>>> print(open('entry-v2.txt').read())   # compact mmCIF, C-alpha atoms
# COMPACT_ATOMS: atom_id res chain seq x y z
CA MET I 1307 -21.11 22.23 -10.51
CA ARG I 1308 -17.37 22.71 -10.82
CA HIS I 1309 -15.70 25.92 -9.72
CA ARG I 1310 -15.06 28.01 -12.82
CA ILE I 1311 -11.58 29.52 -13.08
CA ILE I 1312 -10.88 31.80 -16.04
CA VAL I 1313 -7.35 32.91 -16.88
CA LEU I 1314 -7.19 35.93 -19.18
CA GLY I 1315 -4.04 35.95 -21.29
CA ALA I 1316 -1.51 33.23 -22.03
CA GLY I 1317 1.73 35.14 -21.74
CA TYR I 1318 4.56 34.55 -19.27
CA ALA I 1319 2.18 34.91 -16.31
CA GLY I 1320 -1.06 33.44 -17.65
CA ALA I 1321 0.19 30.32 -19.43
CA SER I 1322 2.29 29.10 -16.54
CA ALA I 1323 -0.41 30.01 -14.01
CA ALA I 1324 -2.99 27.90 -15.82
CA GLY I 1325 -0.62 24.93 -15.92
CA TYR I 1326 0.24 25.29 -12.25
CA LEU I 1327 -3.41 25.38 -11.24
CA ALA I 1328 -4.15 22.33 -13.39
CA ARG I 1329 -1.28 20.49 -11.69
CA HIS I 1330 -2.52 21.15 -8.18
CA LEU I 1331 -6.33 21.35 -8.23
CA HIS I 1332 -8.55 18.31 -8.64
CA PRO I 1333 -10.24 18.23 -12.08
CA GLU I 1334 -13.52 17.06 -10.57
CA ASP I 1335 -13.70 20.30 -8.59
CA VAL I 1336 -12.53 22.95 -11.06
CA GLU I 1337 -12.95 23.94 -14.67
CA ILE I 1338 -9.98 25.98 -15.95
CA THR I 1339 -10.41 28.09 -19.09
CA VAL I 1340 -7.65 30.14 -20.71
CA VAL I 1341 -8.72 32.98 -22.98
CA ASN I 1342 -6.10 34.23 -25.44
CA ALA I 1343 -6.35 36.15 -28.68
CA GLU I 1344 -3.55 34.24 -30.43
CA PRO I 1345 -3.14 30.47 -30.85
CA ASP I 1346 0.50 30.55 -29.72
CA PHE I 1347 2.46 31.43 -26.62
CA VAL I 1348 4.54 34.41 -27.73
CA GLU I 1349 8.09 34.85 -26.45
CA ARG I 1350 7.75 38.56 -25.91
CA MET I 1351 11.33 38.87 -24.69
CA ARG I 1352 12.47 37.83 -28.17
CA LEU I 1353 10.16 39.94 -30.32
CA HIS I 1354 12.97 42.36 -31.13
CA GLN I 1355 14.80 39.38 -32.62
CA LEU I 1356 11.73 38.38 -34.62
CA ALA I 1357 11.45 41.92 -35.96
CA ALA I 1358 15.09 41.86 -37.05
CA GLY I 1359 14.68 38.63 -39.00
CA ALA I 1360 15.10 35.73 -36.57
CA GLU I 1361 12.91 32.64 -36.92
CA LEU I 1362 11.37 31.81 -33.56
CA ARG I 1363 10.08 28.41 -32.61
CA ARG I 1364 6.31 28.17 -32.51
CA HIS I 1365 4.65 27.22 -29.22
CA GLU I 1366 1.06 26.21 -29.94
CA LEU I 1367 -1.18 26.64 -26.91
CA ALA I 1368 -3.41 23.74 -27.97
CA LYS I 1369 -0.41 21.40 -27.84
CA MET I 1370 0.91 22.95 -24.64
CA PHE I 1371 -2.39 22.36 -22.82
CA ALA I 1372 -3.16 18.98 -24.39
CA GLY I 1373 -3.97 16.39 -21.73
CA THR I 1374 -4.09 18.97 -18.93
CA GLY I 1375 -7.85 19.43 -18.75
CA ILE I 1376 -7.38 23.14 -19.50
CA ARG I 1377 -9.92 24.56 -21.94
CA LEU I 1378 -8.46 26.98 -24.48
CA ARG I 1379 -10.70 29.71 -25.86
CA LEU I 1380 -9.14 31.62 -28.74
CA ALA I 1381 -10.88 34.97 -28.55
CA ARG I 1382 -10.24 38.61 -27.77
CA VAL I 1383 -11.36 39.93 -24.40
CA THR I 1384 -13.51 43.05 -24.84
CA GLU I 1385 -15.00 43.52 -21.38
CA VAL I 1386 -14.79 42.35 -17.77
CA ASP I 1387 -17.78 42.91 -15.49
CA ALA I 1388 -16.44 42.41 -11.98
CA LYS I 1389 -19.85 42.99 -10.36
CA HIS I 1390 -21.56 40.19 -12.26
CA ARG I 1391 -18.42 38.03 -12.66
CA THR I 1392 -18.52 37.84 -16.43
CA VAL I 1393 -16.02 38.20 -19.25
CA THR I 1394 -17.12 39.23 -22.74
CA VAL I 1395 -15.07 37.85 -25.62
CA THR I 1396 -15.28 38.03 -29.39
CA ASP I 1397 -13.97 35.72 -32.09
CA GLY I 1398 -14.75 34.88 -35.69
CA GLU I 1399 -18.11 33.47 -34.69
CA GLY I 1400 -19.34 36.47 -32.72
CA ILE I 1401 -19.63 37.70 -29.14
CA ASP I 1402 -19.84 35.45 -26.11
CA ARG I 1403 -20.16 36.04 -22.37
CA LEU I 1404 -18.29 33.74 -19.98
CA GLU I 1405 -19.11 33.41 -16.29
CA TYR I 1406 -16.45 32.84 -13.65
CA ASP I 1407 -16.13 32.10 -9.96
CA THR I 1408 -12.43 32.97 -9.86
CA LEU I 1409 -10.66 35.19 -12.38
CA LEU I 1410 -6.93 35.53 -12.96
CA TYR I 1411 -6.35 38.69 -14.97
CA SER I 1412 -3.03 38.56 -16.86
CA LEU I 1413 -3.63 40.39 -20.12
CA GLY I 1414 -0.24 42.06 -19.97
CA SER I 1415 0.63 45.34 -21.63
CA THR I 1416 1.13 46.93 -25.01
CA ALA I 1417 2.93 49.93 -26.45
CA THR I 1418 1.73 53.38 -25.41
CA ASP I 1419 2.01 56.56 -27.45
CA HIS I 1420 2.02 58.89 -24.39
CA GLY I 1421 -0.26 61.18 -26.39
CA VAL I 1422 2.39 61.86 -29.04
CA ALA I 1423 0.84 62.70 -32.38
CA GLY I 1424 1.44 60.33 -35.27
CA VAL I 1425 2.62 57.30 -33.29
CA ASP I 1426 -0.37 55.11 -34.10
CA GLU I 1427 -0.39 56.14 -37.76
CA HIS I 1428 3.30 56.05 -38.60
CA ALA I 1429 5.40 54.23 -35.98
CA PHE I 1430 6.28 50.57 -35.53
CA HIS I 1431 6.67 48.74 -32.22
CA VAL I 1432 7.55 45.28 -30.87
CA ALA I 1433 5.03 44.86 -28.03
CA GLY I 1434 3.23 42.05 -29.86
CA ARG I 1435 3.89 39.45 -32.53
CA PRO I 1436 1.81 41.08 -35.30
CA ALA I 1437 3.54 44.40 -34.67
CA ALA I 1438 6.99 42.79 -34.73
CA LEU I 1439 6.19 41.06 -38.02
CA ARG I 1440 5.03 44.37 -39.47
CA LEU I 1441 8.38 45.95 -38.57
CA ARG I 1442 10.18 42.92 -39.97
CA GLN I 1443 8.46 43.39 -43.33
CA ARG I 1444 9.45 47.05 -43.37
CA LEU I 1445 13.09 46.19 -42.66
CA ASP I 1446 13.00 43.55 -45.41
CA ASP I 1447 11.70 46.20 -47.81
CA LEU I 1448 14.51 48.58 -46.85
CA GLY I 1449 17.21 45.94 -47.19
CA GLU I 1450 20.60 47.56 -46.79
CA ASN I 1451 19.52 51.09 -47.60
CA GLY I 1452 17.68 53.37 -45.24
CA THR I 1453 17.48 54.90 -41.79
CA VAL I 1454 15.77 53.54 -38.70
CA LEU I 1455 14.90 55.78 -35.77
CA VAL I 1456 14.31 54.13 -32.40
CA VAL I 1457 12.49 56.31 -29.87
CA GLY I 1458 13.07 55.44 -26.22
CA GLY I 1459 15.90 54.73 -23.82
CA ASN I 1460 14.62 51.74 -21.86
CA LEU I 1461 15.59 48.07 -22.16
CA THR I 1462 13.35 47.43 -25.15
CA ALA I 1463 14.66 50.44 -27.05
CA ILE I 1464 18.26 49.38 -26.44
CA GLU I 1465 17.59 45.81 -27.54
CA VAL I 1466 15.71 46.89 -30.66
CA ALA I 1467 18.38 49.35 -31.73
CA THR I 1468 21.33 46.98 -31.25
CA GLU I 1469 19.52 43.97 -32.78
CA ILE I 1470 18.63 45.89 -35.94
CA ALA I 1471 22.12 47.38 -36.18
CA GLU I 1472 23.71 43.94 -35.90
CA CYS I 1473 21.34 42.12 -38.28
CA TRP I 1474 21.10 44.94 -40.83
CA PRO I 1475 24.58 46.54 -40.88
CA GLY I 1476 23.74 48.55 -43.99
CA LEU I 1477 20.96 50.45 -42.26
CA ARG I 1478 21.67 53.66 -40.37
CA VAL I 1479 20.25 53.35 -36.85
CA THR I 1480 19.54 56.38 -34.66
CA LEU I 1481 18.17 56.43 -31.11
CA ALA I 1482 16.46 59.39 -29.43
CA THR I 1483 15.69 59.35 -25.70
CA THR I 1484 14.33 61.93 -23.28
CA GLY I 1485 16.97 61.13 -20.68
CA GLU I 1486 20.50 59.75 -20.55
CA LEU I 1487 21.00 56.45 -22.36
CA GLY I 1488 21.58 53.78 -19.73
CA GLY I 1489 21.68 56.39 -17.01
CA TRP I 1490 20.31 53.90 -14.49
CA LEU I 1491 23.24 51.51 -15.02
CA GLY I 1492 26.36 51.31 -12.91
CA ALA I 1493 29.40 53.14 -14.25
CA LYS I 1494 31.11 50.07 -15.77
CA ALA I 1495 27.91 48.78 -17.31
CA ARG I 1496 27.08 52.14 -18.87
CA ARG I 1497 30.55 52.44 -20.39
CA HIS I 1498 30.07 48.96 -21.85
CA LEU I 1499 26.70 50.00 -23.27
CA LEU I 1500 28.07 53.13 -24.92
CA ARG I 1501 30.99 51.19 -26.42
CA ALA I 1502 28.50 48.74 -27.92
CA PHE I 1503 26.53 51.59 -29.50
CA ASP I 1504 29.78 53.02 -30.90
CA ARG I 1505 30.72 49.61 -32.27
CA PHE I 1506 27.39 49.31 -34.07
CA GLY I 1507 27.58 52.89 -35.30
CA ILE I 1508 24.27 53.82 -33.64
CA GLU I 1509 23.81 57.58 -33.41
CA VAL I 1510 22.46 58.60 -29.99
CA HIS I 1511 20.51 61.76 -29.17
CA GLU I 1512 20.05 62.13 -25.42
CA HIS I 1513 17.71 64.60 -23.67
CA THR I 1514 15.61 64.67 -26.81
CA THR I 1515 11.83 64.48 -26.48
CA ILE I 1516 9.94 63.43 -29.59
CA GLU I 1517 6.65 65.32 -29.85
CA GLN I 1518 5.46 64.15 -33.28
CA VAL I 1519 5.99 61.15 -35.54
CA THR I 1520 5.49 61.65 -39.26
CA ALA I 1521 5.52 59.45 -42.34
CA THR I 1522 9.14 60.46 -42.92
CA GLY I 1523 10.53 60.49 -39.38
CA ALA I 1524 9.95 62.51 -36.22
CA ILE I 1525 10.08 66.01 -34.81
CA ALA I 1526 11.57 66.78 -31.39
CA ALA I 1527 10.38 69.34 -28.87
CA ASN I 1528 13.54 71.39 -29.49
CA GLY I 1529 12.69 71.67 -33.19
CA SER I 1530 15.12 69.02 -34.40
CA THR I 1531 13.90 66.90 -37.29
CA PHE I 1532 14.83 63.24 -37.69
CA PHE I 1533 14.36 61.73 -41.11
CA ALA I 1534 13.71 58.00 -41.01
CA ASP I 1535 12.37 55.30 -43.30
CA ALA I 1536 11.09 53.46 -40.24
CA THR I 1537 10.40 54.87 -36.77
CA VAL I 1538 10.26 52.31 -33.96
CA TRP I 1539 8.35 53.49 -30.89
CA ALA I 1540 9.85 51.90 -27.76
CA ALA I 1541 9.05 54.59 -25.24
CA GLY I 1542 7.25 52.50 -22.64
CA PHE I 1543 4.26 50.25 -22.14
CA ALA I 1544 0.70 50.60 -20.89
CA VAL I 1545 -1.92 48.09 -19.81
CA HIS I 1546 -5.12 47.50 -21.73
CA PRO I 1547 -8.01 49.76 -20.58
CA ILE I 1548 -10.28 46.77 -19.91
CA ALA I 1549 -9.46 46.58 -16.19
CA ALA I 1550 -10.14 50.27 -15.62
CA ALA I 1551 -13.61 49.89 -17.14
CA SER I 1552 -14.42 46.68 -15.25
CA GLY I 1553 -15.31 48.08 -11.85
CA LEU I 1554 -12.05 46.89 -10.31
CA ASP I 1555 -9.94 49.33 -8.31
CA VAL I 1556 -7.01 50.37 -10.51
CA GLU I 1557 -4.04 52.70 -10.33
CA ASP I 1558 -3.88 55.84 -12.48
CA ASP I 1559 -2.07 53.83 -15.16
CA GLY I 1560 -4.84 51.22 -15.28
CA ARG I 1561 -3.10 48.41 -13.42
CA ILE I 1562 -5.22 46.41 -10.97
CA ILE I 1563 -4.45 47.26 -7.34
CA VAL I 1564 -3.77 44.02 -5.49
CA ASP I 1565 -2.89 42.99 -1.96
CA ARG I 1566 0.17 40.94 -1.00
CA MET I 1567 -1.59 37.78 -2.23
CA MET I 1568 -2.33 39.32 -5.67
CA ARG I 1569 -6.05 39.59 -4.90
CA SER I 1570 -7.89 42.63 -6.18
CA VAL I 1571 -8.41 44.95 -3.22
CA SER I 1572 -11.97 45.63 -4.39
CA HIS I 1573 -12.99 42.17 -5.66
CA PRO I 1574 -11.11 39.36 -3.86
CA GLU I 1575 -12.34 36.70 -6.29
CA VAL I 1576 -10.22 38.45 -8.93
CA TYR I 1577 -6.45 37.98 -8.95
CA ALA I 1578 -3.91 39.74 -11.15
CA ALA I 1579 -0.43 38.81 -12.31
CA GLY I 1580 2.20 40.17 -14.65
CA ASP I 1581 2.12 43.66 -16.12
CA SER I 1582 -1.59 43.99 -15.27
CA ALA I 1583 -0.96 43.95 -11.51
CA TYR I 1584 -0.03 46.95 -9.40
CA ALA I 1585 1.87 45.04 -6.75
CA ILE I 1586 4.17 46.38 -4.05
CA GLY I 1587 7.47 44.51 -3.91
CA ASP I 1588 9.40 43.45 -0.86
CA ASN I 1589 11.35 46.73 -1.05
CA GLY I 1590 8.15 48.75 -0.62
CA GLN I 1591 8.14 49.97 -4.22
CA PRO I 1592 5.78 48.97 -7.07
CA LEU I 1593 7.13 46.09 -9.12
CA PRO I 1594 8.09 47.18 -12.64
CA MET I 1595 6.46 45.76 -15.73
CA SER I 1596 8.83 42.93 -16.63
CA CYS I 1597 9.07 39.21 -17.26
CA ALA I 1598 10.78 38.77 -13.89
CA SER I 1599 7.88 40.46 -12.11
CA ALA I 1600 5.45 38.29 -14.06
CA GLY I 1601 7.08 35.19 -12.63
CA PHE I 1602 6.94 36.35 -9.01
CA THR I 1603 3.38 37.68 -9.20
CA ARG I 1604 2.23 34.51 -10.99
CA MET I 1605 3.67 32.32 -8.24
CA GLN I 1606 1.98 34.38 -5.53
CA ALA I 1607 -1.35 34.54 -7.35
CA THR I 1608 -1.55 30.80 -7.99
CA ALA I 1609 -0.52 30.03 -4.40
CA ALA I 1610 -3.29 32.33 -3.18
CA ILE I 1611 -5.91 30.85 -5.49
CA ILE I 1612 -5.05 27.33 -4.35
CA GLY I 1613 -5.06 28.37 -0.71
CA ASP I 1614 -8.31 30.30 -0.95
CA LEU I 1615 -10.08 27.42 -2.69
CA THR I 1616 -8.71 24.53 -0.62
CA GLY I 1617 -8.29 26.09 2.82
CA ARG I 1618 -4.55 25.46 2.78
CA LYS I 1619 -2.08 27.94 4.21
CA ILE I 1620 -0.80 30.33 1.57
CA PRO I 1621 2.98 30.70 1.30
CA LYS I 1622 4.35 34.15 0.66
CA THR I 1623 6.57 34.06 -2.40
CA SER I 1624 9.36 36.56 -2.94
CA LEU I 1625 8.39 39.79 -4.63
CA ALA I 1626 11.90 40.94 -5.39
CA TYR I 1627 13.51 42.68 -8.34
CA VAL I 1628 17.14 41.65 -8.60
CA GLY I 1629 18.36 43.28 -11.77
CA ASN I 1630 18.10 44.21 -15.44
CA CYS I 1631 19.33 42.01 -18.27
CA VAL I 1632 19.59 43.72 -21.64
CA SER I 1633 20.82 42.19 -24.90
CA LEU I 1634 23.21 44.13 -27.13
CA GLY I 1635 22.79 41.99 -30.21
CA ARG I 1636 23.28 38.22 -30.06
CA LYS I 1637 26.83 38.08 -28.67
CA ASP I 1638 26.81 40.87 -26.12
CA ALA I 1639 24.67 41.83 -23.14
CA ILE I 1640 24.61 43.41 -19.69
CA PHE I 1641 23.16 41.99 -16.50
CA GLN I 1642 22.96 44.81 -13.98
CA MET I 1643 22.31 43.84 -10.36
CA VAL I 1644 20.23 46.22 -8.22
CA ASP I 1645 19.98 46.68 -4.48
CA GLY I 1646 16.93 46.58 -2.22
CA GLU I 1647 15.95 50.07 -3.32
CA ALA I 1648 16.15 49.09 -7.03
CA ARG I 1649 19.34 51.14 -7.47
CA SER I 1650 22.10 49.73 -9.64
CA LYS I 1651 25.00 48.12 -7.82
CA SER I 1652 28.58 48.63 -8.93
CA TRP I 1653 28.80 44.98 -10.04
CA SER I 1654 27.45 43.83 -13.40
CA LEU I 1655 27.96 40.92 -15.77
CA ARG I 1656 28.97 42.12 -19.23
CA GLY I 1657 29.87 40.83 -22.67
CA ARG I 1658 29.58 37.24 -23.83
CA PRO I 1659 29.00 35.79 -20.33
CA ALA I 1660 25.98 38.07 -19.95
CA ALA I 1661 24.77 37.14 -23.45
CA ARG I 1662 25.01 33.45 -22.57
CA PHE I 1663 23.12 34.09 -19.34
CA LYS I 1664 20.36 35.96 -21.23
CA ALA I 1665 20.12 33.13 -23.78
CA PHE I 1666 19.83 30.62 -20.92
CA VAL I 1667 16.98 32.63 -19.38
CA LEU I 1668 15.17 32.82 -22.73
CA ARG I 1669 15.50 29.09 -23.35
CA GLY I 1670 14.43 28.24 -19.82
CA SER I 1671 11.38 30.49 -19.99
CA ALA I 1672 10.30 29.03 -23.33
CA TRP I 1673 10.75 25.46 -22.06
CA ASN I 1674 8.73 26.14 -18.92
CA MET I 1675 5.92 27.67 -20.95
CA SER I 1676 5.95 24.71 -23.35
CA HIS I 1677 5.63 22.21 -20.48
CA PRO I 1678 2.93 23.75 -18.25
CA THR I 1679 2.18 20.53 -16.37
CA TYR I 1680 5.71 19.22 -15.96
CA GLY I 1681 5.98 17.31 -12.67
CA LEU I 1682 2.26 16.53 -12.57
CA PRO I 1683 1.53 15.50 -8.95
CA THR I 1684 -0.26 12.24 -8.29
CA ARG I 1685 -2.30 13.82 -5.50
CA LYS I 1686 -4.34 16.93 -6.22
CA TYR I 1687 -6.01 19.25 -3.75
CA ARG I 1688 -9.79 19.17 -3.29
CA LEU I 1689 -11.82 22.31 -2.82
CA THR I 1690 -13.46 23.16 0.49
CA ALA I 1691 -17.09 24.13 0.98
CA ALA I 1692 -15.98 27.63 1.99
CA SER I 1693 -13.67 27.98 -1.00
CA ASN I 1694 -14.53 31.62 -1.61
CA HIS I 1695 -13.07 32.77 1.71
CA PRO I 1696 -9.36 33.67 1.90
CA ALA I 1697 -7.19 31.21 3.78
CA GLU I 1698 -4.66 32.02 6.46
CA THR I 1699 -1.32 33.18 5.15
CA VAL I 1700 2.05 32.08 6.41
CA VAL I 1701 5.57 33.22 5.66
CA ILE I 1702 8.01 30.48 4.58
>>> encode(input="entry-v2.txt", output="structure tokens")
Amino acid sequence: MRHRIIVLGAGYAGASAAGYLARHLHPEDVEITVVNAEPDFVERMRLHQLAAGAELRRHELAKMFAGTGIRLRLARVTEVDAKHRTVTVTDGEGIDRLEYDTLLYSLGSTATDHGVAGVDEHAFHVAGRPAALRLRQRLDDLGENGTVLVVGGNLTAIEVATEIAECWPGLRVTLATTGELGGWLGAKARRHLLRAFDRFGIEVHEHTTIEQVTATGAIAANGSTFFADATVWAAGFAVHPIAAASGLDVEDDGRIIVDRMMRSVSHPEVYAAGDSAYAIGDNGQPLPMSCASAGFTRMQATAAIIGDLTGRKIPKTSLAYVGNCVSLGRKDAIFQMVDGEARSKSWSLRGRPAARFKAFVLRGSAWNMSHPTYGLPTRKYRLTAASNHPAETVVI
């Protein structure tokens, strides 16, 4: 019987992980199944563009995995039972229970309301393709008349606000954030950010905590009322509650606690990558939820899976966080470098060069996802008899 590997989620971490495992493990020894709710790989880093009206290229998972030996199961994950090594999924045909020997958990994250009343009922977000398309329809309905309120001050909030302001110049865009907009940036980068907001005519309300979203806008803790035809909630992300209910050890925020090899500390046959993993970076701090972190944790998780199953030494991949890249519309951006303590350096790339760099990253990520078995090796690794025991690790 072949060793059953299940990969949950086909985002930036899951899709590439499945392809990497298929490239390196012998098909006679393993059966790789990817479970994903949607039929396409979704470029999450471009969902703010989709919401504002851009047409994104479709990346069908069936075509991406064709000829790889990877089995694609289009279904929604409803439960993980770590004790019995099963995953429960549901699709149009009903409920099914899948058994695994090795599980790679990479279900990612979604928008979180932080307990604020009215968010689920009245707000839009861009944490998934259906949600982005819903916002897009609302903006189409508004046309050139109306007000959009963006709640949040992180990278997503900044990108959503500037993208909408650029693509819909007739709309009035307002942003409310609990802190200082771009306060984590270096001085030059923050000045560039504020100039961009001035150029787009985006009204900014700093140190403003939204405590309720209504059908006509939002109400702040200080009593201020914001009238809006569309409120976009971009105030952070949270992981799905499935891991917390699975029996796996998780952090308070629901992320799976992993060791340096991305193995669950409570169930070593389970690995986590991307936003779902609570991983400590090389600087001793938890890696943030980001596409960059997804890449590093994916590389470490797949290296560990291969090593654990084949008895090969496991290389330690870098778990670094080098900087933040935020788009300010299509022709402007900021790439802010950070130091080993994740503090912004004085140097940053700004303007069109940064926008070209961000576009290069987006194109490269999409190409890599669309070619999961590029560079298919002629020699694949065979599994060992003791494939469930961790292999020795080595730093390279």
>>> residues_around(input="entry-v2.txt", residues="Glu1465 of chain I", least_positions_apart="4", cutoff="10 Å", atoms="all atoms listed in the file", output="PDB file with C-alpha atoms, in the coordinates of the input")
ATOM      1  CA  MET I1351      11.330  38.870 -24.690  1.00  0.00           C
ATOM      2  CA  ARG I1352      12.470  37.830 -28.170  1.00  0.00           C
ATOM      3  CA  LEU I1353      10.160  39.940 -30.320  1.00  0.00           C
ATOM      4  CA  HIS I1354      12.970  42.360 -31.130  1.00  0.00           C
ATOM      5  CA  GLN I1355      14.800  39.380 -32.620  1.00  0.00           C
ATOM      6  CA  GLY I1459      15.900  54.730 -23.820  1.00  0.00           C
ATOM      7  CA  ASN I1460      14.620  51.740 -21.860  1.00  0.00           C
ATOM      8  CA  LEU I1461      15.590  48.070 -22.160  1.00  0.00           C
ATOM      9  CA  GLU I1469      19.520  43.970 -32.780  1.00  0.00           C
ATOM     10  CA  ILE I1470      18.630  45.890 -35.940  1.00  0.00           C
ATOM     11  CA  ALA I1471      22.120  47.380 -36.180  1.00  0.00           C
ATOM     12  CA  ALA I1540       9.850  51.900 -27.760  1.00  0.00           C
ATOM     13  CA  VAL I1632      19.590  43.720 -21.640  1.00  0.00           C
ATOM     14  CA  SER I1633      20.820  42.190 -24.900  1.00  0.00           C
ATOM     15  CA  LEU I1634      23.210  44.130 -27.130  1.00  0.00           C
ATOM     16  CA  GLY I1635      22.790  41.990 -30.210  1.00  0.00           C
ATOM     17  CA  ARG I1636      23.280  38.220 -30.060  1.00  0.00           C
ATOM     18  CA  ALA I1639      24.670  41.830 -23.140  1.00  0.00           C
TER      19      ALA I1639
END
>>> residues_near_point(input="entry-v2.txt", point="(8.7, 39.6, -13.9)", cutoff="12 Å", atoms="all atoms listed in the file", output="PyMOL selection string")
chain I and resi 1317-1319+1351+1414+1579-1583+1585+1587+1592-1606+1624-1631+1671
>>> residues_around(input="entry-v2.txt", residues="Tyr1406 of chain I", least_positions_apart="2", cutoff="7 Å", atoms="all atoms listed in the file", output="PyMOL selection string")
chain I and resi 1310-1312+1391-1392+1404+1408-1409
>>> residues_around(input="entry-v2.txt", residues="Asp1387 of chain I", least_positions_apart="3", cutoff="12 Å", atoms="all atoms listed in the file", output="ChimeraX atom specification")
/I:1383-1384,1390-1395,1403-1406,1409,1548-1554,1573,1576
>>> atom_distance(input="entry-v2.txt", atom1="atom CA of Val1454 of chain I", atom2="atom CA of Phe1347 of chain I")
28.5 Å
>>> axis_aligned_box(input="entry-v2.txt", around="segment 1579-1592 of chain I", padding_each_side="8 Å", output="AutoDock Vina command-line options")
--center_x 4.9 --center_y 44.4 --center_z -8.4 --size_x 28.9 --size_y 27.2 --size_z 31.5
>>> closest_residue(input="entry-v2.txt", among="I:Arg1497, I:His1428, I:Gly1458, I:Leu1615", to="Ala1524 of chain I", atoms="all atoms listed in the file")
I:His1428
>>> residues_around(input="entry-v2.txt", residues="Asp1419 of chain I", least_positions_apart="4", cutoff="10 Å", atoms="all atoms listed in the file", output="list in words")
Ala1423, Gly1424, Val1425, Asp1426, Ala1429, Trp1539, Ala1540, Ala1541, Gly1542, Phe1543 and Ala1544 of chain I
>>> closest_residue(input="entry-v2.txt", among="I:Gly1434, I:Trp1490, I:Thr1418, I:Thr1339", to="Val1644 of chain I", atoms="only C-alpha atoms")
I:Trp1490
>>> closest_residue(input="entry-v2.txt", among="I:Thr1616, I:Asn1451, I:Gln1642, I:Thr1537", to="His1309 of chain I", atoms="all atoms listed in the file")
I:Thr1616
>>> closest_residue(input="entry-v2.txt", among="I:Ala1360, I:Leu1367, I:Ile1525, I:Leu1410", to="Ala1610 of chain I", atoms="all atoms listed in the file")
I:Leu1410
>>> atom_distance(input="entry-v2.txt", atom1="atom CA of Val1466 of chain I", atom2="atom CA of Arg1440 of chain I")
14.1 Å
>>> atom_distance(input="entry-v2.txt", atom1="atom CA of Tyr1687 of chain I", atom2="atom CA of Leu1327 of chain I")
10.0 Å
>>> closest_residue(input="entry-v2.txt", among="I:Gly1398, I:Leu1668, I:Lys1686, I:Thr1483", to="Asp1335 of chain I", atoms="only C-alpha atoms")
I:Lys1686
>>> closest_residue(input="entry-v2.txt", among="I:Arg1669, I:Met1567, I:Leu1445, I:Ala1467", to="Leu1362 of chain I", atoms="all atoms listed in the file")
I:Arg1669
>>> residues_around(input="entry-v2.txt", residues="Ala1324 of chain I", least_positions_apart="6", cutoff="12 Å", atoms="only C-alpha atoms", output="count of residues only")
41
>>> decode(input="entry-v2.txt", residues="segment 1318-1330 of chain I", atoms="N, CA and C atoms", output="PDB file, in the first residue's frame")
ATOM      1  N   TYR I1318      -0.614  29.515  -1.984  1.00  0.00           N
ATOM      2  CA  TYR I1318       0.806  29.701  -2.255  1.00  0.00           C
ATOM      3  C   TYR I1318       1.659  28.616  -1.595  1.00  0.00           C
ATOM      4  N   ALA I1319       1.253  28.125  -0.436  1.00  0.00           N
ATOM      5  CA  ALA I1319       2.021  27.070   0.225  1.00  0.00           C
ATOM      6  C   ALA I1319       1.625  25.694  -0.289  1.00  0.00           C
ATOM      7  N   GLY I1320       0.327  25.392  -0.304  1.00  0.00           N
ATOM      8  CA  GLY I1320      -0.125  24.048  -0.619  1.00  0.00           C
ATOM      9  C   GLY I1320       0.123  23.602  -2.039  1.00  0.00           C
ATOM     10  N   ALA I1321      -0.172  24.463  -3.015  1.00  0.00           N
ATOM     11  CA  ALA I1321      -0.025  24.066  -4.421  1.00  0.00           C
ATOM     12  C   ALA I1321       1.423  23.758  -4.758  1.00  0.00           C
ATOM     13  N   SER I1322       2.326  24.637  -4.341  1.00  0.00           N
ATOM     14  CA  SER I1322       3.734  24.411  -4.657  1.00  0.00           C
ATOM     15  C   SER I1322       4.297  23.234  -3.864  1.00  0.00           C
ATOM     16  N   ALA I1323       3.810  23.031  -2.640  1.00  0.00           N
ATOM     17  CA  ALA I1323       4.276  21.900  -1.840  1.00  0.00           C
ATOM     18  C   ALA I1323       3.906  20.577  -2.501  1.00  0.00           C
ATOM     19  N   ALA I1324       2.685  20.484  -2.980  1.00  0.00           N
ATOM     20  CA  ALA I1324       2.251  19.250  -3.635  1.00  0.00           C
ATOM     21  C   ALA I1324       3.107  18.956  -4.863  1.00  0.00           C
ATOM     22  N   GLY I1325       3.370  19.989  -5.662  1.00  0.00           N
ATOM     23  CA  GLY I1325       4.205  19.802  -6.846  1.00  0.00           C
ATOM     24  C   GLY I1325       5.619  19.389  -6.491  1.00  0.00           C
ATOM     25  N   TYR I1326       6.162  19.988  -5.443  1.00  0.00           N
ATOM     26  CA  TYR I1326       7.528  19.658  -5.033  1.00  0.00           C
ATOM     27  C   TYR I1326       7.616  18.213  -4.561  1.00  0.00           C
ATOM     28  N   LEU I1327       6.638  17.778  -3.792  1.00  0.00           N
ATOM     29  CA  LEU I1327       6.637  16.396  -3.320  1.00  0.00           C
ATOM     30  C   LEU I1327       6.489  15.425  -4.485  1.00  0.00           C
ATOM     31  N   ALA I1328       5.644  15.777  -5.458  1.00  0.00           N
ATOM     32  CA  ALA I1328       5.482  14.911  -6.625  1.00  0.00           C
ATOM     33  C   ALA I1328       6.760  14.836  -7.451  1.00  0.00           C
ATOM     34  N   ARG I1329       7.545  15.907  -7.450  1.00  0.00           N
ATOM     35  CA  ARG I1329       8.805  15.908  -8.194  1.00  0.00           C
ATOM     36  C   ARG I1329       9.844  14.996  -7.564  1.00  0.00           C
ATOM     37  N   HIS I1330       9.801  14.859  -6.247  1.00  0.00           N
ATOM     38  CA  HIS I1330      10.917  14.222  -5.556  1.00  0.00           C
ATOM     39  C   HIS I1330      10.622  12.852  -4.955  1.00  0.00           C
TER      40      HIS I1330
END
